[in-house]
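Have a look at start14.txt; it's compact mmCIF, C-alpha atoms and all ligand atoms:
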```txt
# COMPACT_ATOMS: atom_id res chain seq x y z
CA MET W 619 0.00 0.00 0.00
CA LEU W 620 1.35 3.44 -0.91
CA VAL W 621 0.86 5.89 1.93
CA LEU W 622 1.35 9.62 1.58
CA VAL W 623 2.64 10.89 4.92
CA VAL W 624 1.80 14.56 5.41
CA ASN W 625 3.10 17.04 7.96
CA CYS W 626 1.23 20.20 7.26
CA GLY W 627 2.20 23.56 8.74
CA SER W 628 0.67 26.97 8.14
CA SER W 629 3.12 27.84 5.36
CA SER W 630 4.71 24.51 4.53
CA LEU W 631 3.84 20.94 3.69
CA LYS W 632 6.35 18.15 4.25
CA TYR W 633 5.58 14.83 2.59
CA GLN W 634 6.84 11.32 2.03
CA VAL W 635 5.40 8.42 0.12
CA ARG W 636 6.04 5.09 1.82
CA GLU W 637 5.43 1.61 0.56
CA VAL W 638 3.87 -0.28 3.44
CA VAL W 639 3.80 -4.04 3.20
CA PRO W 640 1.26 -5.18 5.76
CA ALA W 641 2.41 -8.31 7.56
CA PRO W 642 0.79 -10.28 10.37
CA ALA W 643 3.76 -9.60 12.65
CA GLY W 644 3.85 -5.83 12.19
CA GLY W 645 4.07 -4.14 8.83
CA THR W 646 7.13 -2.77 7.17
CA GLY W 647 6.81 0.90 6.40
CA GLY W 648 10.44 1.11 5.53
CA GLU W 649 10.75 2.04 1.91
CA VAL W 650 10.54 5.73 1.06
CA LEU W 651 9.54 6.14 -2.58
CA THR W 652 9.73 9.91 -2.62
CA SER W 653 9.78 12.83 -0.23
CA GLY W 654 9.83 16.58 -0.36
CA LEU W 655 8.82 19.92 1.03
CA ILE W 656 6.52 22.60 -0.33
CA GLU W 657 7.27 25.97 1.22
CA ASN W 658 5.94 29.52 1.17
CA ILE W 659 2.30 28.54 1.12
CA GLY W 660 0.33 31.78 1.39
CA GLY W 661 2.99 33.65 -0.58
CA PRO W 662 2.78 35.06 -4.10
CA ALA W 663 3.52 31.75 -5.86
CA ILE W 664 1.43 29.30 -3.81
CA ARG W 665 -1.76 30.99 -2.65
CA ASP W 666 -3.11 28.39 -0.25
CA HIS W 667 -3.10 24.73 0.77
CA THR W 668 -5.43 23.81 -2.08
CA GLN W 669 -2.88 25.11 -4.53
CA ALA W 670 -0.10 23.34 -2.64
CA LEU W 671 -2.01 20.07 -3.13
CA GLU W 672 -2.21 20.71 -6.89
CA LEU W 673 1.55 21.13 -6.88
CA LEU W 674 2.01 18.00 -4.79
CA ALA W 675 -0.26 15.95 -7.08
CA GLY W 676 1.83 17.08 -10.05
CA ARG W 677 5.06 16.08 -8.31
CA LEU W 678 3.69 12.69 -7.26
CA GLY W 679 2.59 12.08 -10.83
CA ASP W 680 6.20 12.57 -11.93
CA GLU W 681 7.90 10.89 -9.01
CA LEU W 682 5.82 7.73 -8.58
CA GLY W 683 6.11 6.54 -12.17
CA GLY W 684 2.39 6.18 -12.69
CA ARG W 685 1.60 4.55 -9.33
CA THR W 686 -1.04 6.22 -7.21
CA ILE W 687 -1.33 6.61 -3.46
CA ASP W 688 -3.79 4.48 -1.48
CA ALA W 689 -4.09 6.53 1.70
CA ALA W 690 -2.82 9.66 3.42
CA GLY W 691 -1.54 9.77 7.00
CA HIS W 692 -1.33 13.14 8.70
CA ARG W 693 0.81 14.07 11.64
CA VAL W 694 -1.43 16.07 13.97
CA VAL W 695 0.14 17.86 16.91
CA HIS W 696 -2.81 18.01 19.28
CA GLY W 697 -5.46 15.41 19.90
CA GLY W 698 -6.57 16.87 23.24
CA GLU W 699 -8.29 14.49 25.63
CA ARG W 700 -10.31 12.87 22.90
CA PHE W 701 -7.80 11.07 20.70
CA SER W 702 -5.82 8.20 22.19
CA ALA W 703 -5.09 6.41 18.90
CA PRO W 704 -4.94 7.10 15.17
CA VAL W 705 -8.34 7.73 13.55
CA LEU W 706 -9.84 7.49 10.09
CA VAL W 707 -10.82 10.98 8.99
CA ASP W 708 -14.32 12.21 8.28
CA ASN W 709 -15.83 15.68 8.54
CA GLU W 710 -16.63 15.31 12.22
CA ILE W 711 -13.01 14.38 12.97
CA ILE W 712 -11.76 17.42 11.06
CA ARG W 713 -14.12 19.65 13.03
CA ALA W 714 -12.90 18.08 16.29
CA ILE W 715 -9.28 18.82 15.36
CA ASP W 716 -10.28 22.38 14.54
CA ARG W 717 -12.01 22.74 17.92
CA LEU W 718 -8.71 21.82 19.59
CA ALA W 719 -7.07 24.88 18.00
CA PRO W 720 -6.91 26.82 21.30
CA LEU W 721 -4.53 24.12 22.59
CA ALA W 722 -2.27 24.26 19.50
CA PRO W 723 -2.98 27.56 17.75
CA LEU W 724 0.01 27.31 15.40
CA HIS W 725 -0.53 23.71 14.39
CA ASN W 726 -4.08 22.40 14.45
CA PRO W 727 -5.58 25.04 12.12
CA ALA W 728 -2.82 24.25 9.61
CA HIS W 729 -3.53 20.51 9.88
CA VAL W 730 -7.19 21.22 9.17
CA LEU W 731 -6.24 23.15 6.03
CA GLY W 732 -4.11 20.20 4.91
CA LEU W 733 -6.84 17.65 5.64
CA ARG W 734 -9.44 19.66 3.72
CA ALA W 735 -7.09 20.26 0.81
CA VAL W 736 -6.36 16.52 0.47
CA GLN W 737 -10.08 15.79 0.77
CA LYS W 738 -10.80 18.26 -2.01
CA LYS W 739 -8.07 16.92 -4.30
CA TRP W 740 -8.75 13.19 -3.75
CA PRO W 741 -12.31 12.91 -2.34
CA SER W 742 -12.30 9.13 -1.99
CA LEU W 743 -8.79 8.76 -0.56
CA PRO W 744 -8.86 7.36 2.98
CA GLN W 745 -7.12 9.71 5.40
CA VAL W 746 -5.81 8.94 8.86
CA CYS W 747 -4.66 11.30 11.62
CA VAL W 748 -1.84 10.27 13.95
CA PHE W 749 -1.62 12.48 17.03
CA ASP W 750 1.53 13.61 18.84
CA THR W 751 -0.38 13.58 22.12
CA ALA W 752 -2.19 10.23 21.75
CA PHE W 753 0.47 7.96 23.24
CA HIS W 754 0.37 9.95 26.47
CA ARG W 755 -3.35 9.41 27.06
CA THR W 756 -2.42 6.47 29.29
CA MET W 757 -0.77 8.74 31.88
CA PRO W 758 -2.36 8.45 35.32
CA GLU W 759 -4.15 11.54 36.61
CA HIS W 760 -1.54 12.17 39.31
CA ALA W 761 0.98 12.61 36.51
CA TRP W 762 -1.10 14.76 34.16
CA ARG W 763 -2.84 17.06 36.66
CA TYR W 764 -1.43 20.47 37.53
CA ALA W 765 -1.93 21.50 41.14
CA ILE W 766 -3.94 24.59 40.25
CA PRO W 767 -7.64 25.36 40.77
CA GLU W 768 -9.93 22.81 39.12
CA ASP W 769 -11.63 25.52 37.10
CA MET W 770 -8.50 26.05 34.99
CA TYR W 771 -8.61 22.42 33.94
CA VAL W 772 -12.35 22.29 33.39
CA ARG W 773 -12.65 25.57 31.50
CA TYR W 774 -9.38 25.72 29.62
CA GLY W 775 -8.12 22.16 29.55
CA MET W 776 -4.99 23.11 31.44
CA ARG W 777 -3.23 19.83 32.16
CA ARG W 778 -0.20 17.94 30.94
CA TYR W 779 -0.76 16.48 27.47
CA GLY W 780 2.75 15.55 26.33
CA PHE W 781 4.07 15.46 22.77
CA HIS W 782 6.43 13.48 20.49
CA GLY W 783 4.11 10.55 21.27
CA THR W 784 4.54 8.87 17.90
CA SER W 785 8.29 8.76 18.42
CA HIS W 786 8.14 7.65 22.07
CA ASP W 787 5.70 4.91 21.08
CA TYR W 788 7.82 3.71 18.17
CA VAL W 789 11.05 3.76 20.16
CA THR W 790 9.40 1.90 23.06
CA GLY W 791 8.36 -0.88 20.69
CA ARG W 792 11.81 -1.11 19.13
CA ALA W 793 13.59 -1.07 22.48
CA ALA W 794 11.42 -3.84 23.90
CA GLN W 795 11.93 -5.88 20.76
CA PHE W 796 15.70 -5.38 20.90
CA LEU W 797 15.80 -6.53 24.52
CA GLY W 798 13.54 -9.47 23.81
CA VAL W 799 10.95 -8.34 26.36
CA PRO W 800 7.21 -8.40 25.63
CA ARG W 801 6.22 -4.78 25.23
CA GLU W 802 3.62 -5.01 28.03
CA GLN W 803 6.44 -5.89 30.41
CA PHE W 804 8.79 -3.13 29.34
CA ASP W 805 9.52 -0.44 31.93
CA GLY W 806 11.96 2.21 30.79
CA VAL W 807 12.74 5.79 29.95
CA VAL W 808 12.79 7.20 26.41
CA ALA W 809 14.67 10.43 25.71
CA HIS W 810 13.70 12.04 22.39
CA LEU W 811 16.36 14.71 21.91
CA GLY W 812 15.94 16.78 18.76
CA ASN W 813 15.49 20.52 18.38
CA GLY W 814 12.49 19.93 20.57
CA ALA W 815 13.19 17.39 23.29
CA SER W 816 11.13 15.36 25.71
CA VAL W 817 11.58 12.39 27.97
CA THR W 818 8.91 9.80 28.76
CA ALA W 819 8.50 7.30 31.57
CA ILE W 820 7.32 4.00 30.11
CA LYS W 821 5.52 1.53 32.38
CA GLY W 822 4.25 -1.70 30.89
CA GLY W 823 5.00 -0.39 27.40
CA ARG W 824 2.80 2.67 27.89
CA SER W 825 3.38 6.32 28.68
CA TYR W 826 3.24 6.88 32.42
CA ASP W 827 4.64 10.42 32.56
CA THR W 828 6.34 12.81 30.18
CA SER W 829 8.29 16.03 30.41
CA MET W 830 6.33 18.21 28.00
CA GLY W 831 3.11 19.59 29.40
CA TYR W 832 0.23 21.79 28.35
CA THR W 833 2.51 22.83 25.49
CA PRO W 834 5.84 21.55 24.12
CA LEU W 835 7.66 24.25 26.10
CA ALA W 836 7.92 22.33 29.36
CA GLY W 837 10.60 19.97 30.55
CA LEU W 838 14.10 19.69 29.13
CA VAL W 839 16.45 22.46 28.03
CA MET W 840 16.03 22.44 24.23
CA GLY W 841 17.58 24.13 21.21
CA THR W 842 15.61 27.34 21.61
CA ARG W 843 13.09 26.48 24.37
CA SER W 844 13.67 27.05 28.06
CA GLY W 845 11.97 23.94 29.36
CA ASP W 846 10.87 24.05 33.01
CA LEU W 847 10.98 27.32 34.89
CA ASP W 848 9.17 28.92 37.78
CA PRO W 849 5.94 30.37 36.30
CA SER W 850 6.49 33.50 38.41
CA VAL W 851 9.35 34.35 36.06
CA VAL W 852 6.72 35.01 33.41
CA THR W 853 4.41 37.13 35.53
CA ALA W 854 7.33 39.03 37.07
CA ILE W 855 8.76 39.91 33.65
CA MET W 856 5.35 41.14 32.53
CA ARG W 857 5.09 43.34 35.60
CA ARG W 858 8.57 44.78 35.20
CA ASP W 859 8.42 45.33 31.48
CA PRO W 860 4.90 46.07 30.23
CA SER W 861 6.10 45.83 26.62
CA MET W 862 6.52 42.08 27.20
CA THR W 863 3.16 40.91 25.92
CA PRO W 864 2.12 37.24 26.07
CA GLU W 865 3.14 36.96 22.41
CA LYS W 866 6.61 38.35 23.10
CA LEU W 867 7.06 36.10 26.11
CA ASP W 868 5.98 33.10 24.08
CA ALA W 869 8.54 34.04 21.46
CA MET W 870 11.25 34.56 24.06
CA LEU W 871 10.66 31.24 25.81
CA ASN W 872 10.14 29.21 22.64
CA LYS W 873 12.59 30.80 20.23
CA GLU W 874 15.26 32.70 22.17
CA SER W 875 15.91 30.40 25.10
CA GLY W 876 17.51 27.01 25.69
CA LEU W 877 20.95 26.33 24.19
CA LYS W 878 20.59 29.46 22.09
CA ALA W 879 20.23 31.70 25.14
CA ILE W 880 23.09 30.18 27.09
CA ALA W 881 25.57 29.18 24.36
CA GLY W 882 24.54 31.58 21.60
CA ASP W 883 23.60 28.78 19.20
CA HIS W 884 20.68 26.37 19.10
CA ASP W 885 22.47 23.55 17.28
CA MET W 886 24.02 20.80 19.40
CA ARG W 887 26.88 20.24 16.96
CA THR W 888 27.95 23.88 17.13
CA VAL W 889 27.59 23.98 20.91
CA GLN W 890 29.60 20.78 21.34
CA GLU W 891 32.37 22.10 19.08
CA ALA W 892 32.48 25.38 20.98
CA ALA W 893 32.65 23.54 24.30
CA ASP W 894 35.44 21.31 22.98
CA GLY W 895 37.27 24.51 22.03
CA GLY W 896 37.05 25.80 25.60
CA ASP W 897 34.00 28.06 25.33
CA GLU W 898 32.63 28.35 28.88
CA ARG W 899 29.11 29.37 27.90
CA ALA W 900 28.83 26.36 25.63
CA GLU W 901 30.13 24.11 28.42
CA LEU W 902 27.57 25.57 30.82
CA ALA W 903 24.77 25.04 28.30
CA LEU W 904 25.75 21.37 27.91
CA GLU W 905 25.94 20.88 31.66
CA MET W 906 22.52 22.47 32.16
CA THR W 907 21.00 20.34 29.43
CA ALA W 908 22.55 17.08 30.60
CA TYR W 909 21.82 17.80 34.26
CA ARG W 910 18.15 18.52 33.60
CA LEU W 911 17.78 15.35 31.56
CA ALA W 912 19.56 13.22 34.17
CA LYS W 913 17.22 14.56 36.87
CA TYR W 914 14.24 13.51 34.76
CA VAL W 915 15.68 10.07 34.11
CA GLY W 916 16.26 9.58 37.83
CA GLY W 917 12.73 10.75 38.58
CA TYR W 918 11.19 8.51 35.95
CA HIS W 919 13.22 5.54 37.12
CA VAL W 920 11.36 6.00 40.39
CA ALA W 921 8.06 6.74 38.60
CA VAL W 922 8.00 3.39 36.82
CA GLY W 923 9.18 1.43 39.85
CA GLY W 924 12.61 0.70 38.37
CA ALA W 925 13.37 1.14 34.69
CA ARG W 926 15.27 -1.61 32.93
CA ALA W 927 16.43 0.58 30.05
CA LEU W 928 17.12 4.12 28.94
CA ALA W 929 16.71 4.73 25.21
CA PHE W 930 18.16 7.74 23.41
CA THR W 931 16.63 8.88 20.13
CA ALA W 932 16.30 11.76 17.58
CA GLY W 933 19.09 14.01 16.22
CA ILE W 934 20.99 14.51 19.47
CA GLY W 935 20.08 11.21 21.07
CA GLU W 936 21.15 9.22 18.01
CA ASN W 937 24.29 11.18 17.10
CA ALA W 938 25.75 13.11 20.00
CA ALA W 939 27.91 10.48 21.72
CA PRO W 940 29.65 12.98 24.04
CA PHE W 941 26.28 14.28 25.19
CA ARG W 942 25.00 10.77 25.90
CA ARG W 943 28.16 10.16 27.91
CA ARG W 944 27.62 13.36 29.89
CA VAL W 945 24.07 12.32 30.80
CA CYS W 946 25.06 8.78 31.71
CA ASP W 947 27.95 9.99 33.88
CA ARG W 948 25.39 11.85 35.96
CA LEU W 949 23.41 8.62 36.25
CA GLY W 950 26.37 6.80 37.77
CA ALA W 951 24.65 6.93 41.15
CA LEU W 952 21.93 4.68 39.70
CA GLY W 953 24.54 2.18 38.59
CA VAL W 954 24.53 3.22 34.93
CA ARG W 955 27.77 2.42 33.08
CA VAL W 956 28.52 3.28 29.48
CA ASP W 957 30.83 1.36 27.15
CA ASP W 958 32.81 4.05 25.34
CA ASP W 959 33.53 1.96 22.27
CA ALA W 960 29.87 1.05 21.86
CA ASN W 961 28.88 4.67 22.48
CA ALA W 962 31.21 5.83 19.69
CA VAL W 963 29.63 3.57 17.06
CA ARG W 964 27.62 5.39 14.39
CA SER W 965 24.81 3.34 12.95
CA GLN W 966 21.20 3.37 11.82
CA GLU W 967 20.53 0.24 13.86
CA VAL W 968 19.21 -0.17 17.39
CA ARG W 969 22.22 -0.70 19.63
CA ARG W 970 23.29 -1.10 23.25
CA ILE W 971 25.83 1.39 24.61
CA SER W 972 25.85 0.36 28.26
CA ALA W 973 28.69 -1.70 29.70
CA PRO W 974 28.05 -5.21 31.06
CA GLY W 975 26.75 -4.90 34.61
CA SER W 976 25.13 -1.51 34.07
CA ALA W 977 22.03 -1.24 36.23
CA LEU W 978 20.02 0.06 33.26
CA GLU W 979 20.54 -1.04 29.69
CA VAL W 980 21.34 2.09 27.74
CA LEU W 981 20.22 1.95 24.11
CA VAL W 982 20.34 4.12 21.03
CA VAL W 983 17.15 3.62 19.02
CA PRO W 984 16.81 5.57 15.77
CA THR W 985 13.32 6.98 15.55
CA ASP W 986 11.22 7.15 12.39
CA GLU W 987 7.99 9.05 12.92
CA GLU W 988 7.06 8.95 9.23
CA ARG W 989 7.37 5.21 9.21
CA ALA W 990 5.21 4.93 12.31
CA ILE W 991 2.58 7.19 10.72
CA ALA W 992 2.67 5.20 7.47
CA GLU W 993 2.27 1.90 9.32
CA ALA W 994 -0.53 3.18 11.53
CA THR W 995 -2.32 4.58 8.49
CA ALA W 996 -2.04 1.36 6.50
CA ALA W 997 -3.16 -0.75 9.47
CA LEU W 998 -6.24 1.38 10.11
CA VAL W 999 -7.23 1.58 6.45
CA GLU W 1000 -6.86 -2.20 6.08
CA ARG W 1001 -8.84 -2.87 9.23
CA HIS W 1002 -11.72 -0.71 8.06
CA GLY W 1003 -11.57 -2.17 4.57
CA GLY W 1004 -10.93 1.31 3.20
CA ARG W 1005 -10.81 0.80 -0.52
CA PRO W 1006 -7.94 2.54 -2.20
CA ALA W 1007 -9.00 5.44 -4.37
CA ARG W 1008 -7.97 5.05 -7.97
P1 LIG Z 1101 13.92 18.04 14.92
O1 LIG Z 1101 13.35 18.16 16.30
O2 LIG Z 1101 13.94 19.34 14.21
O3 LIG Z 1101 13.41 16.88 14.12
P2 LIG Z 1101 16.41 16.51 14.95
O4 LIG Z 1101 15.86 15.28 15.55
O5 LIG Z 1101 16.84 16.49 13.54
O6 LIG Z 1101 15.46 17.76 15.21
O7 LIG Z 1101 17.66 16.94 15.87
C1 LIG Z 1101 18.34 18.13 15.64
C2 LIG Z 1101 19.45 18.22 16.65
O8 LIG Z 1101 20.33 17.10 16.48
C3 LIG Z 1101 20.31 19.46 16.49
O9 LIG Z 1101 20.59 20.02 17.75
C4 LIG Z 1101 21.58 18.89 15.89
O10 LIG Z 1101 22.71 19.65 16.22
C5 LIG Z 1101 21.65 17.55 16.54
N1 LIG Z 1101 22.56 16.66 15.80
C6 LIG Z 1101 22.41 16.12 14.59
N2 LIG Z 1101 23.52 15.43 14.23
C7 LIG Z 1101 24.40 15.55 15.26
C8 LIG Z 1101 25.72 15.07 15.53
N3 LIG Z 1101 26.38 14.33 14.64
N4 LIG Z 1101 26.30 15.40 16.70
C9 LIG Z 1101 25.65 16.16 17.59
N5 LIG Z 1101 24.40 16.64 17.41
C10 LIG Z 1101 23.78 16.33 16.27
```

Now that the file is in, can you turn its structure into structure tokens?
Amino acid sequence: MLVLVVNCGSSSLKYQVREVVPAPAGGTGGEVLTSGLIENIGGPAIRDHTQALELLAGRLGDELGGRTIDAAGHRVVHGGERFSAPVLVDNEIIRAIDRLAPLAPLHNPAHVLGLRAVQKKWPSLPQVCVFDTAFHRTMPEHAWRYAIPEDMYVRYGMRRYGFHGTSHDYVTGRAAQFLGVPREQFDGVVAHLGNGASVTAIKGGRSYDTSMGYTPLAGLVMGTRSGDLDPSVVTAIMRRDPSMTPEKLDAMLNKESGLKAIAGDHDMRTVQEAADGGDERAELALEMTAYRLAKYVGGYHVAVGGARALAFTAGIGENAAPFRRRVCDRLGALGVRVDDDANAVRSQEVRRISAPGSALEVLVVPTDEERAIAEATAALVERHGGRPAR
């Protein structure tokens, strides 16, 4: 089955076409037939998402050598409290995603535009939404509640939702498989460290707690996001500097903080090189980032009643060996030991980097969110007997 994987933003549309071979023991969504990016939607050349879809259809016509897609799978950032699994799309689902816009004002309206544009271009094509938040719907209430007046939760939905769920889910499955443990018996910690970064406590193969919260700002120190801070920092800044509107504070905390604020650059490679060259700010930024993550891992080890593994994934987690070492050194008190040779290996495969006798197995598990979306889409369409549009 050919699945078009779509990640639709307000001014861009990222796509991949994957060949999914459904198999009884888990499909293979591995092969990427084509991929690309359409940018500047809303600009002079590409007026809107409908026009972007025309462009995409033209490209697919050229790139797929006459083959046509059988389904579309959309990455959707926010599924609120409603969506705990991928869903087949109909008009009611699209309206529900639109209603969640207050929780993800930059993302959900753009996803809705993408969903409607695909619907318009290929009316009989089955579409599936895969939500970034869905995997975290299994968190217990004591993990997702904020200790603020009930009204804030009831009226505004203020609670922890968590993000990167597709990746945490995929990596959990791969890690359990690698260790030869049934997924339902897998207790561990998954650290997804990209430009955005989050860490999830996995109990019985499910999300038990996660570092991102009401928005993807919470938790770890990230490329340009602050992660956790005392909320009074926000109100105090607003009081001291009335020009700091909510919009400006959002921009500051999401785009001008994190590694960028401390080291002057958001990119881990640049920061690591600067630190290696003796730059003290860069060194501090790395220490802050590793320290914060190690505190979470320690906390989540407790949360799941003893994790058996820690899995690193995404750009930093998969590639930044010195950073992994820094984090694991801080976990020495838990009995974590890293094998430096194994840690130095570069590979696309799942691998173990802990030394024999380490209290937790430390793994590197390459993530593949597009693959997970393609597989989920194919599985759902097959299950519902969705007939490919031709
Ligand atoms: P996104 O969240 O945008 O998908 P990625 O998962 O691609 O991000 O991760 C981007 C981060 O990974 C950047 O901070 C980048 O510096 C880091 N990264 C990628 N390759 C390396 C590497 N070889 N060494 C250190 N960091 C790396």

Quote the spacing between CA of Ala794 (chain W) and CA of Val920 (chain W) in Å to one decimal place.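 Result for CA of Ala794 (chain W) versus CA of Val920 (chain W): 19.2 Å, one decimal.
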
Looking at only C-alpha atoms and all ligand atoms, which of W:Leu871, W:Ala962, W:Met757, W:Ala722 is the one that sits closest to ligand LIG 1101 (chain Z)? W:Ala962

Counting all atoms listed in the file, which residue out of W:Val922, W:Leu811, W:Ala973, W:Leu998 sits closest to ligand LIG 1101 (chain Z)?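 For ligand LIG 1101 (chain Z), the nearest of the given residues is W:Leu811.
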
All residues within 10 Å of ligand LIG 1101 (chain Z) are required, counting all atoms listed in the file; please report them as a ChimeraX atom specification. /W:782,810-815,840-842,877,883-891,931-942,964,984-987

Using C-alpha atoms, can you export the residues from the last selection as a PDB file, keeping the file's coordinate frame?
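Generated output (selection-v6.pdb):
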```pdb
ATOM      1  CA  HIS W 782       6.430  13.480  20.490  1.00  0.00           C
ATOM      2  CA  HIS W 810      13.700  12.040  22.390  1.00  0.00           C
ATOM      3  CA  LEU W 811      16.360  14.710  21.910  1.00  0.00           C
ATOM      4  CA  GLY W 812      15.940  16.780  18.760  1.00  0.00           C
ATOM      5  CA  ASN W 813      15.490  20.520  18.380  1.00  0.00           C
ATOM      6  CA  GLY W 814      12.490  19.930  20.570  1.00  0.00           C
ATOM      7  CA  ALA W 815      13.190  17.390  23.290  1.00  0.00           C
ATOM      8  CA  MET W 840      16.030  22.440  24.230  1.00  0.00           C
ATOM      9  CA  GLY W 841      17.580  24.130  21.210  1.00  0.00           C
ATOM     10  CA  THR W 842      15.610  27.340  21.610  1.00  0.00           C
ATOM     11  CA  LEU W 877      20.950  26.330  24.190  1.00  0.00           C
ATOM     12  CA  ASP W 883      23.600  28.780  19.200  1.00  0.00           C
ATOM     13  CA  HIS W 884      20.680  26.370  19.100  1.00  0.00           C
ATOM     14  CA  ASP W 885      22.470  23.550  17.280  1.00  0.00           C
ATOM     15  CA  MET W 886      24.020  20.800  19.400  1.00  0.00           C
ATOM     16  CA  ARG W 887      26.880  20.240  16.960  1.00  0.00           C
ATOM     17  CA  THR W 888      27.950  23.880  17.130  1.00  0.00           C
ATOM     18  CA  VAL W 889      27.590  23.980  20.910  1.00  0.00           C
ATOM     19  CA  GLN W 890      29.600  20.780  21.340  1.00  0.00           C
ATOM     20  CA  GLU W 891      32.370  22.100  19.080  1.00  0.00           C
ATOM     21  CA  THR W 931      16.630   8.880  20.130  1.00  0.00           C
ATOM     22  CA  ALA W 932      16.300  11.760  17.580  1.00  0.00           C
ATOM     23  CA  GLY W 933      19.090  14.010  16.220  1.00  0.00           C
ATOM     24  CA  ILE W 934      20.990  14.510  19.470  1.00  0.00           C
ATOM     25  CA  GLY W 935      20.080  11.210  21.070  1.00  0.00           C
ATOM     26  CA  GLU W 936      21.150   9.220  18.010  1.00  0.00           C
ATOM     27  CA  ASN W 937      24.290  11.180  17.100  1.00  0.00           C
ATOM     28  CA  ALA W 938      25.750  13.110  20.000  1.00  0.00           C
ATOM     29  CA  ALA W 939      27.910  10.480  21.720  1.00  0.00           C
ATOM     30  CA  PRO W 940      29.650  12.980  24.040  1.00  0.00           C
ATOM     31  CA  PHE W 941      26.280  14.280  25.190  1.00  0.00           C
ATOM     32  CA  ARG W 942      25.000  10.770  25.900  1.00  0.00           C
ATOM     33  CA  ARG W 964      27.620   5.390  14.390  1.00  0.00           C
ATOM     34  CA  PRO W 984      16.810   5.570  15.770  1.00  0.00           C
ATOM     35  CA  THR W 985      13.320   6.980  15.550  1.00  0.00           C
ATOM     36  CA  ASP W 986      11.220   7.150  12.390  1.00  0.00           C
ATOM     37  CA  GLU W 987       7.990   9.050  12.920  1.00  0.00           C
TER      38      GLU W 987
END
```

Residues near Arg693 (chain W), cut-off 7 Å, all atoms listed in the file, skip fewer than 6 positions along chain, as a list in words: Val624, Asn625, Cys747, Val748 and Phe749 of chain W

Residue selection dump (C-alpha atoms) as a CSV table (one decimal), keeping the file's coordinate frame:
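Final file, selection_15.csv:
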```csv
chain,number,residue,atom,x,y,z
W,624,VAL,CA,1.8,14.6,5.4
W,625,ASN,CA,3.1,17.0,8.0
W,747,CYS,CA,-4.7,11.3,11.6
W,748,VAL,CA,-1.8,10.3,14.0
W,749,PHE,CA,-1.6,12.5,17.0
```

Closest-contact table, region 628-707 of chain W side, partner region 730-735 of chain W, 9 Å, counting only C-alpha atoms, as a tab-separated table:
```
residue	atom	partner	partner_atom	distance
W:Ser628	CA	W:Leu731	CA	8.2
W:Leu631	CA	W:Gly732	CA	8.1
W:Asp666	CA	W:Leu731	CA	8.8
W:His667	CA	W:Ala735	CA	6.0
W:Thr668	CA	W:Ala735	CA	4.9
W:Gln669	CA	W:Ala735	CA	8.4
W:Ala670	CA	W:Ala735	CA	8.4
W:Leu671	CA	W:Ala735	CA	6.4
W:His692	CA	W:Leu733	CA	7.8
W:Val707	CA	W:Leu733	CA	8.5
```

Straight-line distance linking CA of Tyr918 (chain W) with CA of Ser702 (chain W), stated in Å to one decimal: 21.9 Å

Calculated over all atoms listed in the file, which of the candidates W:Pro758, W:Ala719, W:Val968, W:Ala819 has the smallest distance to Gly923 (chain W)?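 Between W:Pro758, W:Ala719, W:Val968, W:Ala819, the residue approaching Gly923 (chain W) most closely is W:Ala819.
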
Measuring atom to atom with all atoms listed in the file, identify which of W:Leu797, W:Val980, W:Ala703, W:Ala892 is nearest to Asp958 (chain W).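 Nearest candidate to Asp958 (chain W) out of W:Leu797, W:Val980, W:Ala703, W:Ala892: W:Val980.
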
How far is it from CA of Ser965 (chain W) to CA of Ile991 (chain W), in Å with one decimal?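 So the answer is 22.7 Å.
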
Closest to Ile687 (chain W) among W:Glu901, W:Glu637, W:Glu699, W:Glu710, using all atoms listed in the file?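 Once distances to Ile687 (chain W) are computed over all atoms listed in the file, the minimum belongs to W:Glu637.
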